[in-house]
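Below is final35.pdb, holding PDB, C-alpha atoms.
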ATOM      1  CA  MET A 218     118.781 159.309  94.835
ATOM      2  CA  LYS A 219     117.240 159.196  91.377
ATOM      3  CA  LYS A 220     117.003 161.959  88.835
ATOM      4  CA  VAL A 221     113.673 161.843  86.995
ATOM      5  CA  LYS A 222     113.368 163.880  83.815
ATOM      6  CA  VAL A 223     109.751 164.609  82.953
ATOM      7  CA  TYR A 224     108.832 165.893  79.483
ATOM      8  CA  VAL A 225     105.416 167.497  79.103
ATOM      9  CA  THR A 226     104.016 168.266  75.648
ATOM     10  CA  LEU A 227     100.655 169.405  74.344
ATOM     11  CA  ARG A 228      98.655 166.475  72.987
ATOM     12  CA  GLU A 229      98.838 165.983  69.213
ATOM     13  CA  SER A 230      95.179 167.000  68.861
ATOM     14  CA  VAL A 231      95.851 170.362  70.549
ATOM     15  CA  LEU A 232      97.014 173.308  68.451
ATOM     16  CA  ASP A 233     100.368 174.659  69.676
ATOM     17  CA  PRO A 234     100.455 178.360  68.687
ATOM     18  CA  GLN A 235     103.893 178.897  70.294
ATOM     19  CA  GLY A 236     105.313 176.009  68.278
ATOM     20  CA  SER A 237     103.716 177.374  65.085
ATOM     21  CA  ALA A 238     105.227 180.826  65.720
ATOM     22  CA  VAL A 239     108.686 179.316  66.187
ATOM     23  CA  MET A 240     108.307 177.218  63.033
ATOM     24  CA  GLY A 241     107.357 180.392  61.147
ATOM     25  CA  ALA A 242     110.554 182.046  62.420
ATOM     26  CA  LEU A 243     112.682 179.052  61.373
ATOM     27  CA  HIS A 244     111.102 179.124  57.900
ATOM     28  CA  SER A 245     111.797 182.844  57.585
ATOM     29  CA  MET A 246     115.447 181.980  58.346
ATOM     30  CA  ASN A 247     115.362 179.516  55.460
ATOM     31  CA  TYR A 248     115.214 176.351  57.547
ATOM     32  CA  ASN A 249     112.388 175.108  55.388
ATOM     33  CA  GLU A 250     113.181 171.487  56.227
ATOM     34  CA  VAL A 251     111.426 171.949  59.583
ATOM     35  CA  LYS A 252     107.961 170.487  59.223
ATOM     36  CA  ASP A 253     106.654 170.857  62.764
ATOM     37  CA  VAL A 254     107.632 172.442  66.078
ATOM     38  CA  ARG A 255     105.997 171.563  69.382
ATOM     39  CA  ILE A 256     106.938 173.427  72.552
ATOM     40  CA  GLY A 257     106.723 171.657  75.888
ATOM     41  CA  LYS A 258     108.058 171.707  79.415
ATOM     42  CA  PHE A 259     110.947 169.893  80.982
ATOM     43  CA  LEU A 260     110.985 169.175  84.698
ATOM     44  CA  GLU A 261     113.859 167.587  86.578
ATOM     45  CA  LEU A 262     113.000 165.917  89.873
ATOM     46  CA  GLN A 263     115.521 164.593  92.406
ATOM     47  CA  ILE A 264     113.752 161.799  94.251
ATOM     48  CA  GLU A 265     115.000 160.027  97.348
ATOM     49  CA  GLU A 266     114.723 156.259  97.386
ATOM     50  CA  SER A 267     111.922 154.987  99.596
ATOM     51  CA  ASP A 268     109.787 151.887  99.870
ATOM     52  CA  ARG A 269     107.294 153.454  97.463
ATOM     53  CA  ASP A 270     107.546 152.333  93.841
ATOM     54  CA  LEU A 271     109.216 155.086  91.825
ATOM     55  CA  ASP A 272     107.134 154.566  88.669
ATOM     56  CA  VAL A 273     103.886 154.640  90.597
ATOM     57  CA  LEU A 274     105.046 157.782  92.379
ATOM     58  CA  VAL A 275     106.104 159.621  89.230
ATOM     59  CA  LYS A 276     102.927 158.690  87.332
ATOM     60  CA  GLU A 277     100.822 159.880  90.252
ATOM     61  CA  MET A 278     102.643 163.217  90.396
ATOM     62  CA  CYS A 279     102.371 163.653  86.642
ATOM     63  CA  GLU A 280      98.675 162.971  86.517
ATOM     64  CA  LYS A 281      97.692 164.873  89.644
ATOM     65  CA  LEU A 282      99.767 168.031  89.255
ATOM     66  CA  LEU A 283     102.540 168.129  86.697
ATOM     67  CA  THR A 284     100.328 167.713  83.629
ATOM     68  CA  ASN A 285      96.741 168.387  82.690
ATOM     69  CA  THR A 286      95.836 165.204  80.844
ATOM     70  CA  VAL A 287      92.980 166.978  79.041
ATOM     71  CA  ILE A 288      95.547 168.857  76.949
ATOM     72  CA  GLU A 289      98.963 167.369  77.705
ATOM     73  CA  ASP A 290     100.954 164.145  77.329
ATOM     74  CA  TYR A 291     104.009 163.251  79.372
ATOM     75  CA  ARG A 292     106.925 160.865  79.381
ATOM     76  CA  TYR A 293     109.855 160.507  81.733
ATOM     77  CA  ASP A 294     113.318 158.994  82.085
ATOM     78  CA  VAL A 295     114.943 157.797  85.299
ATOM     79  CA  GLU A 296     118.658 158.248  85.874
ATOM     80  CA  GLU A 297     120.991 157.779  88.825
ATOM     81  CA  ALA A 298     121.446 161.203  90.388
ATOM     82  CA  VAL A 299     125.001 162.397  90.695
ATOM     83  CA  THR A 300     125.405 163.786  94.201
ATOM     84  CA  LYS A 301     128.032 166.401  94.800
TER      85      LYS A 301
ATOM     86  CA  MET B 156      72.884 186.623 100.640
ATOM     87  CA  LYS B 157      76.478 186.223 101.770
ATOM     88  CA  PHE B 158      79.276 185.810  99.252
ATOM     89  CA  ALA B 159      82.885 184.685  99.653
ATOM     90  CA  VAL B 160      85.527 186.083  97.329
ATOM     91  CA  ILE B 161      88.358 183.546  97.440
ATOM     92  CA  VAL B 162      91.763 185.230  97.525
ATOM     93  CA  PHE B 163      94.766 183.226  96.331
ATOM     94  CA  PRO B 164      98.289 184.587  96.410
ATOM     95  CA  GLY B 165      98.293 186.261  93.001
ATOM     96  CA  SER B 166      94.553 187.044  92.696
ATOM     97  CA  ASN B 167      94.171 190.565  91.332
ATOM     98  CA  CYS B 168      90.475 190.946  90.503
ATOM     99  CA  ASP B 169      89.346 190.209  94.056
ATOM    100  CA  LEU B 170      88.782 193.908  94.815
ATOM    101  CA  ASP B 171      86.660 194.382  91.674
ATOM    102  CA  MET B 172      84.574 191.354  92.625
ATOM    103  CA  TYR B 173      84.170 192.578  96.216
ATOM    104  CA  HIS B 174      83.177 196.038  94.987
ATOM    105  CA  ALA B 175      80.589 194.653  92.570
ATOM    106  CA  ILE B 176      78.928 192.605  95.305
ATOM    107  CA  LYS B 177      79.103 195.124  98.147
ATOM    108  CA  ASP B 178      78.634 198.459  96.407
ATOM    109  CA  GLU B 179      76.750 197.676  93.217
ATOM    110  CA  LEU B 180      74.689 194.667  94.306
ATOM    111  CA  GLY B 181      74.383 195.640  97.985
ATOM    112  CA  GLU B 182      74.898 192.135  99.354
ATOM    113  CA  GLU B 183      77.215 190.835 102.081
ATOM    114  CA  VAL B 184      80.682 189.759 101.035
ATOM    115  CA  ASP B 185      83.964 188.704 102.659
ATOM    116  CA  TYR B 186      87.434 188.095 101.319
ATOM    117  CA  VAL B 187      88.406 184.496 102.132
ATOM    118  CA  TRP B 188      92.124 183.653 102.158
ATOM    119  CA  HIS B 189      93.180 180.492 100.323
ATOM    120  CA  ASP B 190      94.198 178.581 103.454
ATOM    121  CA  GLN B 191      90.750 178.759 105.061
ATOM    122  CA  THR B 192      89.090 175.446 105.731
ATOM    123  CA  ASP B 193      85.473 176.416 106.269
ATOM    124  CA  LEU B 194      83.072 178.030 103.802
ATOM    125  CA  SER B 195      79.875 176.918 105.530
ATOM    126  CA  ASP B 196      78.911 180.538 106.346
ATOM    127  CA  TYR B 197      78.636 181.505 102.696
ATOM    128  CA  ASP B 198      75.765 181.168 100.245
ATOM    129  CA  GLY B 199      77.778 181.864  97.107
ATOM    130  CA  ILE B 200      81.444 181.364  96.197
ATOM    131  CA  LEU B 201      83.319 183.658  93.794
ATOM    132  CA  LEU B 202      86.729 182.812  92.331
ATOM    133  CA  PRO B 203      88.205 186.033  90.924
ATOM    134  CA  GLY B 204      90.630 186.626  88.099
ATOM    135  CA  GLY B 205      94.359 187.058  88.470
ATOM    136  CA  PHE B 206      97.363 184.784  88.534
ATOM    137  CA  ALA B 207      96.806 182.401  91.436
ATOM    138  CA  TYR B 208     100.162 181.084  92.662
ATOM    139  CA  GLY B 209     101.698 183.040  89.800
ATOM    140  CA  ASP B 210     100.192 180.553  87.326
ATOM    141  CA  TYR B 211     103.484 178.672  87.671
ATOM    142  CA  LEU B 212     103.337 175.278  85.951
ATOM    143  CA  ARG B 213      99.885 175.948  84.399
ATOM    144  CA  CYS B 214      97.049 178.410  85.046
ATOM    145  CA  GLY B 215      95.108 177.247  88.086
ATOM    146  CA  ALA B 216      97.150 174.067  88.572
ATOM    147  CA  ILE B 217      98.687 174.838  91.945
ATOM    148  CA  SER B 218      95.740 176.699  93.460
ATOM    149  CA  ARG B 219      93.646 173.621  92.860
ATOM    150  CA  PHE B 220      95.479 171.988  95.802
ATOM    151  CA  SER B 221      95.093 174.865  98.287
ATOM    152  CA  ASN B 222      93.054 174.189 101.436
ATOM    153  CA  VAL B 223      90.137 176.315 100.403
ATOM    154  CA  MET B 224      89.611 174.368  97.177
ATOM    155  CA  SER B 225      88.407 171.235  98.957
ATOM    156  CA  GLU B 226      85.812 173.504 100.593
ATOM    157  CA  VAL B 227      84.895 175.012  97.225
ATOM    158  CA  ILE B 228      84.386 171.475  95.898
ATOM    159  CA  LYS B 229      82.186 170.674  98.910
ATOM    160  CA  ALA B 230      80.144 173.853  98.366
ATOM    161  CA  ALA B 231      79.716 172.950  94.691
ATOM    162  CA  GLU B 232      78.587 169.457  95.602
ATOM    163  CA  ALA B 233      76.120 170.934  98.105
ATOM    164  CA  GLY B 234      74.568 172.908  95.235
ATOM    165  CA  LYS B 235      75.786 176.388  96.224
ATOM    166  CA  PRO B 236      76.423 178.772  93.336
ATOM    167  CA  VAL B 237      80.126 178.854  92.430
ATOM    168  CA  LEU B 238      81.341 181.412  89.869
ATOM    169  CA  GLY B 239      84.865 181.400  88.454
ATOM    170  CA  VAL B 240      85.906 184.361  86.313
ATOM    171  CA  CYS B 241      89.014 184.261  84.107
ATOM    172  CA  ASN B 242      91.735 182.728  86.317
ATOM    173  CA  GLY B 243      88.836 181.471  88.469
ATOM    174  CA  PHE B 244      87.514 179.604  85.408
ATOM    175  CA  GLN B 245      90.975 178.088  84.889
ATOM    176  CA  VAL B 246      91.034 176.976  88.540
ATOM    177  CA  LEU B 247      87.585 175.356  88.179
ATOM    178  CA  THR B 248      88.675 173.307  85.157
ATOM    179  CA  GLU B 249      91.903 172.244  86.897
ATOM    180  CA  ALA B 250      89.844 171.218  89.950
ATOM    181  CA  GLY B 251      87.615 169.090  87.748
ATOM    182  CA  LEU B 252      84.491 171.095  88.654
ATOM    183  CA  LEU B 253      84.141 172.019  84.971
ATOM    184  CA  PRO B 254      85.244 169.962  81.954
ATOM    185  CA  GLY B 255      87.934 171.003  79.468
ATOM    186  CA  ALA B 256      90.929 173.300  79.789
ATOM    187  CA  LEU B 257      92.046 176.814  78.825
ATOM    188  CA  LEU B 258      94.891 177.060  76.326
ATOM    189  CA  ARG B 259      97.090 179.963  75.264
ATOM    190  CA  ASN B 260      95.182 182.424  73.046
ATOM    191  CA  LYS B 261      95.451 181.356  69.421
ATOM    192  CA  ASN B 262      97.177 184.599  68.377
ATOM    193  CA  LEU B 263      99.550 184.375  71.394
ATOM    194  CA  LYS B 264      98.486 187.855  72.499
ATOM    195  CA  PHE B 265      97.155 189.019  75.830
ATOM    196  CA  MET B 266      93.710 190.391  74.916
ATOM    197  CA  CYS B 267      92.282 193.251  76.964
ATOM    198  CA  ARG B 268      89.147 194.949  75.645
ATOM    199  CA  THR B 269      85.361 194.839  75.766
ATOM    200  CA  VAL B 270      83.731 192.109  73.689
ATOM    201  CA  ASP B 271      80.234 191.189  72.571
ATOM    202  CA  LEU B 272      78.916 188.203  74.436
ATOM    203  CA  LYS B 273      75.856 186.213  73.449
ATOM    204  CA  ILE B 274      73.609 184.690  76.106
ATOM    205  CA  VAL B 275      73.178 181.161  74.771
ATOM    206  CA  ASN B 276      71.488 179.796  77.866
ATOM    207  CA  ASN B 277      69.405 182.116  80.059
ATOM    208  CA  GLU B 278      67.899 179.267  82.022
ATOM    209  CA  THR B 279      70.664 179.099  84.623
ATOM    210  CA  LEU B 280      70.760 180.591  88.089
ATOM    211  CA  PHE B 281      73.461 182.956  86.782
ATOM    212  CA  THR B 282      71.674 184.208  83.674
ATOM    213  CA  SER B 283      67.935 184.280  84.398
ATOM    214  CA  LYS B 284      67.889 188.083  84.251
ATOM    215  CA  TYR B 285      69.152 188.063  80.661
ATOM    216  CA  VAL B 286      67.170 187.301  77.515
ATOM    217  CA  LYS B 287      68.119 184.318  75.365
ATOM    218  CA  ASP B 288      70.352 185.324  72.410
ATOM    219  CA  GLU B 289      70.759 188.811  73.890
ATOM    220  CA  VAL B 290      74.184 190.329  73.146
ATOM    221  CA  ILE B 291      75.880 192.115  76.048
ATOM    222  CA  GLN B 292      79.205 193.937  76.377
ATOM    223  CA  ILE B 293      81.679 192.582  78.932
ATOM    224  CA  PRO B 294      85.426 193.224  79.247
ATOM    225  CA  ILE B 295      87.994 190.479  78.778
ATOM    226  CA  ALA B 296      91.636 190.493  79.945
ATOM    227  CA  HIS B 297      93.464 187.217  79.411
ATOM    228  CA  GLY B 298      96.328 185.455  77.683
ATOM    229  CA  GLU B 299      95.015 181.934  78.126
ATOM    230  CA  GLY B 300      91.310 181.925  77.418
ATOM    231  CA  ASN B 301      91.181 179.539  74.494
ATOM    232  CA  TYR B 302      88.639 176.957  75.676
ATOM    233  CA  TYR B 303      89.412 173.397  74.626
ATOM    234  CA  CYS B 304      87.809 170.024  75.271
ATOM    235  CA  ASP B 305      87.606 166.724  73.394
ATOM    236  CA  GLU B 306      84.832 166.030  70.881
ATOM    237  CA  GLU B 307      82.943 163.813  73.283
ATOM    238  CA  THR B 308      82.897 166.491  75.987
ATOM    239  CA  LEU B 309      81.850 169.122  73.451
ATOM    240  CA  ALA B 310      78.925 166.951  72.353
ATOM    241  CA  SER B 311      77.779 166.496  75.945
ATOM    242  CA  LEU B 312      78.134 170.245  76.653
ATOM    243  CA  LYS B 313      75.819 170.917  73.729
ATOM    244  CA  GLU B 314      73.395 168.166  74.582
ATOM    245  CA  ASN B 315      73.000 169.379  78.179
ATOM    246  CA  ASN B 316      72.835 173.055  77.197
ATOM    247  CA  GLN B 317      75.983 173.766  79.241
ATOM    248  CA  ILE B 318      77.366 176.435  76.894
ATOM    249  CA  VAL B 319      76.155 179.625  78.587
ATOM    250  CA  PHE B 320      78.073 182.390  76.786
ATOM    251  CA  THR B 321      79.679 182.584  73.346
ATOM    252  CA  TYR B 322      81.671 185.426  71.790
ATOM    253  CA  ALA B 323      79.309 187.224  69.399
ATOM    254  CA  SER B 324      81.106 189.428  66.870
ATOM    255  CA  GLU B 325      84.693 188.165  67.184
ATOM    256  CA  ASN B 326      86.348 185.256  68.931
ATOM    257  CA  PRO B 327      89.292 186.882  70.723
ATOM    258  CA  ASN B 328      91.165 183.731  71.737
ATOM    259  CA  GLY B 329      90.291 180.944  69.293
ATOM    260  CA  SER B 330      88.109 178.991  71.721
ATOM    261  CA  MET B 331      86.147 176.014  70.382
ATOM    262  CA  GLU B 332      82.699 176.941  69.062
ATOM    263  CA  ASP B 333      83.337 180.525  70.306
ATOM    264  CA  ILE B 334      82.807 179.341  73.886
ATOM    265  CA  ALA B 335      83.225 182.096  76.503
ATOM    266  CA  GLY B 336      81.541 180.426  79.486
ATOM    267  CA  ILE B 337      80.197 177.032  80.514
ATOM    268  CA  ILE B 338      78.222 175.593  83.392
ATOM    269  CA  ASN B 339      78.433 172.198  85.065
ATOM    270  CA  GLU B 340      75.770 169.564  84.457
ATOM    271  CA  LYS B 341      74.040 170.289  87.754
ATOM    272  CA  GLY B 342      73.845 174.004  86.879
ATOM    273  CA  ASN B 343      75.474 175.577  89.934
ATOM    274  CA  VAL B 344      79.095 176.022  88.799
ATOM    275  CA  LEU B 345      79.784 178.614  86.092
ATOM    276  CA  GLY B 346      83.164 179.412  84.578
ATOM    277  CA  MET B 347      83.668 182.321  82.167
ATOM    278  CA  MET B 348      86.620 184.212  80.704
ATOM    279  CA  PRO B 349      84.964 187.687  80.466
ATOM    280  CA  HIS B 350      84.728 189.801  83.644
ATOM    281  CA  PRO B 351      81.125 190.646  84.624
ATOM    282  CA  GLU B 352      82.416 192.332  87.812
ATOM    283  CA  ARG B 353      84.165 194.915  85.619
ATOM    284  CA  ALA B 354      80.844 195.841  84.025
ATOM    285  CA  ALA B 355      78.797 196.593  87.097
ATOM    286  CA  ASN B 356      78.203 200.337  86.731
ATOM    287  CA  ASP B 357      77.892 202.746  83.801
ATOM    288  CA  ILE B 358      80.817 204.814  85.079
ATOM    289  CA  MET B 359      82.962 201.697  84.493
ATOM    290  CA  GLY B 360      81.934 201.794  80.845
ATOM    291  CA  GLY B 361      78.919 199.542  81.133
ATOM    292  CA  SER B 362      76.717 197.678  83.562
ATOM    293  CA  ASP B 363      75.817 194.587  81.536
ATOM    294  CA  GLY B 364      77.541 192.305  84.036
ATOM    295  CA  LEU B 365      75.405 193.290  86.996
ATOM    296  CA  ALA B 366      72.426 191.190  85.872
ATOM    297  CA  LEU B 367      74.552 188.069  86.355
ATOM    298  CA  PHE B 368      74.986 188.819  90.054
ATOM    299  CA  LYS B 369      71.340 189.889  90.335
ATOM    300  CA  SER B 370      70.316 186.552  88.828
ATOM    301  CA  ILE B 371      72.258 184.673  91.526
ATOM    302  CA  VAL B 372      70.593 186.687  94.291
ATOM    303  CA  LYS B 373      67.140 186.323  92.726
ATOM    304  CA  GLN B 374      67.444 182.546  92.602
ATOM    305  CA  TRP B 375      68.799 182.433  96.159
ATOM    306  CA  ARG B 376      65.970 184.615  97.499
ATOM    307  CA  GLU B 377      63.366 182.503  95.738
ATOM    308  CA  SER B 378      64.717 179.291  97.219
ATOM    309  CA  HIS B 379      65.196 180.784 100.694
ATOM    310  CA  VAL B 380      61.905 182.663 101.083
ATOM    311  CA  SER B 381      60.183 181.372 104.189
ATOM    312  CA  HIS B 382      57.432 179.023 103.202
ATOM    313  CA  ALA B 383      55.340 179.991 106.240
TER     314      ALA B 383
END
Structure translated into structure tokens:
Amino acid sequence: MKKVKVYVTLRESVLDPQGSAVMGALHSMNYNEVKDVRIGKFLELQIEESDRDLDVLVKEMCEKLLTNTVIEDYRYDVEEAVTK
Amino acid sequence: MKFAVIVFPGSNCDLDMYHAIKDELGEEVDYVWHDQTDLSDYDGILLPGGFAYGDYLRCGAISRFSNVMSEVIKAAEAGKPVLGVCNGFQVLTEAGLLPGALLRNKNLKFMCRTVDLKIVNNETLFTSKYVKDEVIQIPIAHGEGNYYCDEETLASLKENNQIVFTYASENPNGSMEDIAGIINEKGNVLGMMPHPERAANDIMGGSDGLALFKSIVKQWRESHVSHA
């Protein structure tokens, strides 16, 4: 079993109003060092090993459903899943 | 003319759409559940507003893979009129039937009020009963209606006259170029954030939306009149 962590963020060219609102809040709390905040999504997938290539599989899922590539970028990490 | 109102789990403007077609327009209409696999009986497809599949993940993302959507794509390819309003517009962009995407409103607020809408293109099967540059009043109700596409797409939308509606006096959501509704290149798939079905009778506060549905029927009648 693999644990795949997928990070989805709005593309750089897309305005992130949620991120801007949070940055405004941080500034009002005197954290003026913060120069940008982007809010995204984090998805954790547990994927069983199969004869299908994991990278191909994850990319397919990301581009078909998990992200909208018109507005979003994604990246992912693969880890060994710890089974209980 | 026979319309289908597609009902996804989470649609909530399906009744308004049904009412506008049946009671105000006087045409045939059925609710069609999202798992249906045949739309061949219908002449026009309507995707109503709401929160299809709860809008989990992204607006319209999950509904795009429901059974009925492959039929909606077929109907669109066959040239049938397909109208997506609000969440329906989001579903159409996710399905790739319209370019671009809908982002969170720029001010992060859910906007619910009547807005001024300018008819930019009245030469579509959805807008022939309006006058070019006419300003009409149509209600909006959305949190993610901020239309976005890349520069290249925007240039082709302009070049092909695919921008059908723009917000006239104020842009409620920060959409690019004040875009409120666009059509596909072929001219039979329209997506719009404002709700024409909620402006179908004066007792609802206005009837400016009814001409959109009348335009669809007019075009359909003209192309289906017996040539005998």
If we count all atoms listed in the file, which residues of chain A reach to within 10 Å of chain B? Please list them as a PyMOL selection string. chain A and resi 227+230-235+238+258+260+281-288
I want to know what sits within 8 Å of Ser324 (chain B), based on only C-alpha atoms, with residues of the same chain fewer than 3 positions away left out; could you give that as a count of residues only?
3
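CA of Val223 (chain A) to CA of Gly215 (chain B) spans 20.0 Å [interatomic distance, one decimal].
Across the structure, CA of Lys220 (chain A) and CA of Phe259 (chain A) are spaced 12.7 Å apart.
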Give me the residues near Ser195 (chain B) as a list in words, where near means some atom within 9 Å (using only C-alpha atoms) and where sequence neighbours in that chain fewer than 3 positions away do not count. Asp198, Glu226 and Ala230 of chain B
Report the closest atom pair, with its distance in Å rounded to one decimal, for each residue of region 166-259 of chain B that has an atom no farther than 12 Å from region 340-359 of chain B; count all atoms listed in the file, sort by chain and then rising residue number, and write it as a tab-separated table.
residue	atom	partner	partner_atom	distance
B:Cys168	CA	B:Glu352	CA	8.6
B:Asp169	CA	B:Glu352	CA	9.6
B:Leu170	CA	B:Glu352	CA	9.6
B:Asp171	CA	B:Glu352	CA	6.1
B:Met172	CA	B:Glu352	CA	5.4
B:Tyr173	CA	B:Glu352	CA	8.6
B:His174	CA	B:Glu352	CA	8.1
B:Ala175	CA	B:Glu352	CA	5.6
B:Ile176	CA	B:Glu352	CA	8.3
B:Lys177	CA	B:Ala355	CA	11.2
B:Asp178	CA	B:Ala355	CA	9.5
B:Glu179	CA	B:Ala355	CA	6.5
B:Leu180	CA	B:Ala355	CA	8.5
B:Gly181	CA	B:Ala355	CA	11.8
B:Asp198	CA	B:Asn343	CA	11.7
B:Gly199	CA	B:Asn343	CA	9.8
B:Ile200	CA	B:Val344	CA	9.4
B:Leu201	CA	B:Leu345	CA	9.9
B:Leu202	CA	B:Gly346	CA	9.2
B:Pro203	CA	B:His350	CA	8.9
B:Gly204	CA	B:His350	CA	8.0
B:Gly205	CA	B:His350	CA	11.1
B:Val227	CA	B:Val344	CA	10.3
B:Ile228	CA	B:Val344	CA	10.0
B:Lys229	CA	B:Val344	CA	11.8
B:Ala230	CA	B:Asn343	CA	9.8
B:Ala231	CA	B:Val344	CA	6.7
B:Glu232	CA	B:Asn343	CA	8.9
B:Ala233	CA	B:Asn343	CA	9.4
B:Gly234	CA	B:Asn343	CA	6.0
B:Lys235	CA	B:Asn343	CA	6.3
B:Pro236	CA	B:Asn343	CA	4.8
B:Val237	CA	B:Val344	CA	4.7
B:Leu238	CA	B:Leu345	CA	5.0
B:Gly239	CA	B:Gly346	CA	4.7
B:Val240	CA	B:Met347	CA	5.1
B:Cys241	CA	B:Met348	CA	4.2
B:Asn242	CA	B:Met348	CA	7.7
B:Gly243	CA	B:Gly346	CA	7.2
B:Phe244	CA	B:Gly346	CA	4.4
B:Gln245	CA	B:Gly346	CA	7.9
B:Val246	CA	B:Gly346	CA	9.1
B:Leu247	CA	B:Gly346	CA	7.0
B:Thr248	CA	B:Gly346	CA	8.2
B:Glu249	CA	B:Gly346	CA	11.5
B:Ala250	CA	B:Val344	CA	11.8
B:Gly251	CA	B:Val344	CA	11.0
B:Leu252	CA	B:Val344	CA	7.3
B:Leu253	CA	B:Gly346	CA	7.5
B:Pro254	CA	B:Glu340	CA	9.8
B:Gly255	CA	B:Gly346	CA	10.9
B:Ala256	CA	B:Gly346	CA	11.0
B:Leu257	CA	B:Met348	CA	9.4
B:Leu258	CA	B:Met348	CA	11.8
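When the PyMOL selection byres ((chain B and resi 275-284) around 9) is run on the displayed coordinates, the residues it returns are Pro236, Leu238, Lys273, Ile274, Tyr285, Val286, Lys287, Asp288, Glu289, Asn316, Gln317, Ile318, Val319, Phe320, Thr321, Ile338, Gly342, Asn343, Leu345, Ala366, Leu367, Phe368, Lys369, Ser370, Ile371, Val372, Lys373, Gln374 and Trp375 of chain B.
Closest approach to Glu266 (chain A) among A:Glu297, A:Asp253, A:Asp290, A:Glu229 is made by A:Glu297 (distances from all atoms listed in the file).
Pairwise distance (CA of Ile256 (chain A), CA of Glu299 (chain B)) equals 15.7 Å.
Closest approach to Glu306 (chain B) among B:Asp363, B:Met331, B:Val223, B:Asn326 is made by B:Met331 (distances from all atoms listed in the file).
Here the PyMOL selection byres ((chain B and resi 163) around 7) catches exactly these residues: Ile161, Val162, Pro164, Gly165, Ser166, Trp188, His189, Ala207 and Tyr208 of chain B.
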Grab all the atoms of region 252-263 of chain A that the file lists, wrap them in a box along x, y and z, add 4 Å per side, and give me centre plus edge lengths in Å (one decimal) as JSON.
{"center_x": 110.8, "center_y": 169.0, "center_z": 75.8, "size_x": 17.5, "size_y": 16.8, "size_z": 41.2}
query: Which residues come within 10 Å of Val221 (chain A), counting only C-alpha atoms, excluding same-chain residues fewer than 6 positions away, as a PyMOL selection string?
result: chain A and resi 260-264+271-272+275+293-298
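Among A:Lys219, A:Tyr224, A:Val254, A:Tyr248, the residue with the shortest atom-to-atom distance to Gly236 (chain A), counting all atoms listed in the file, is A:Val254.
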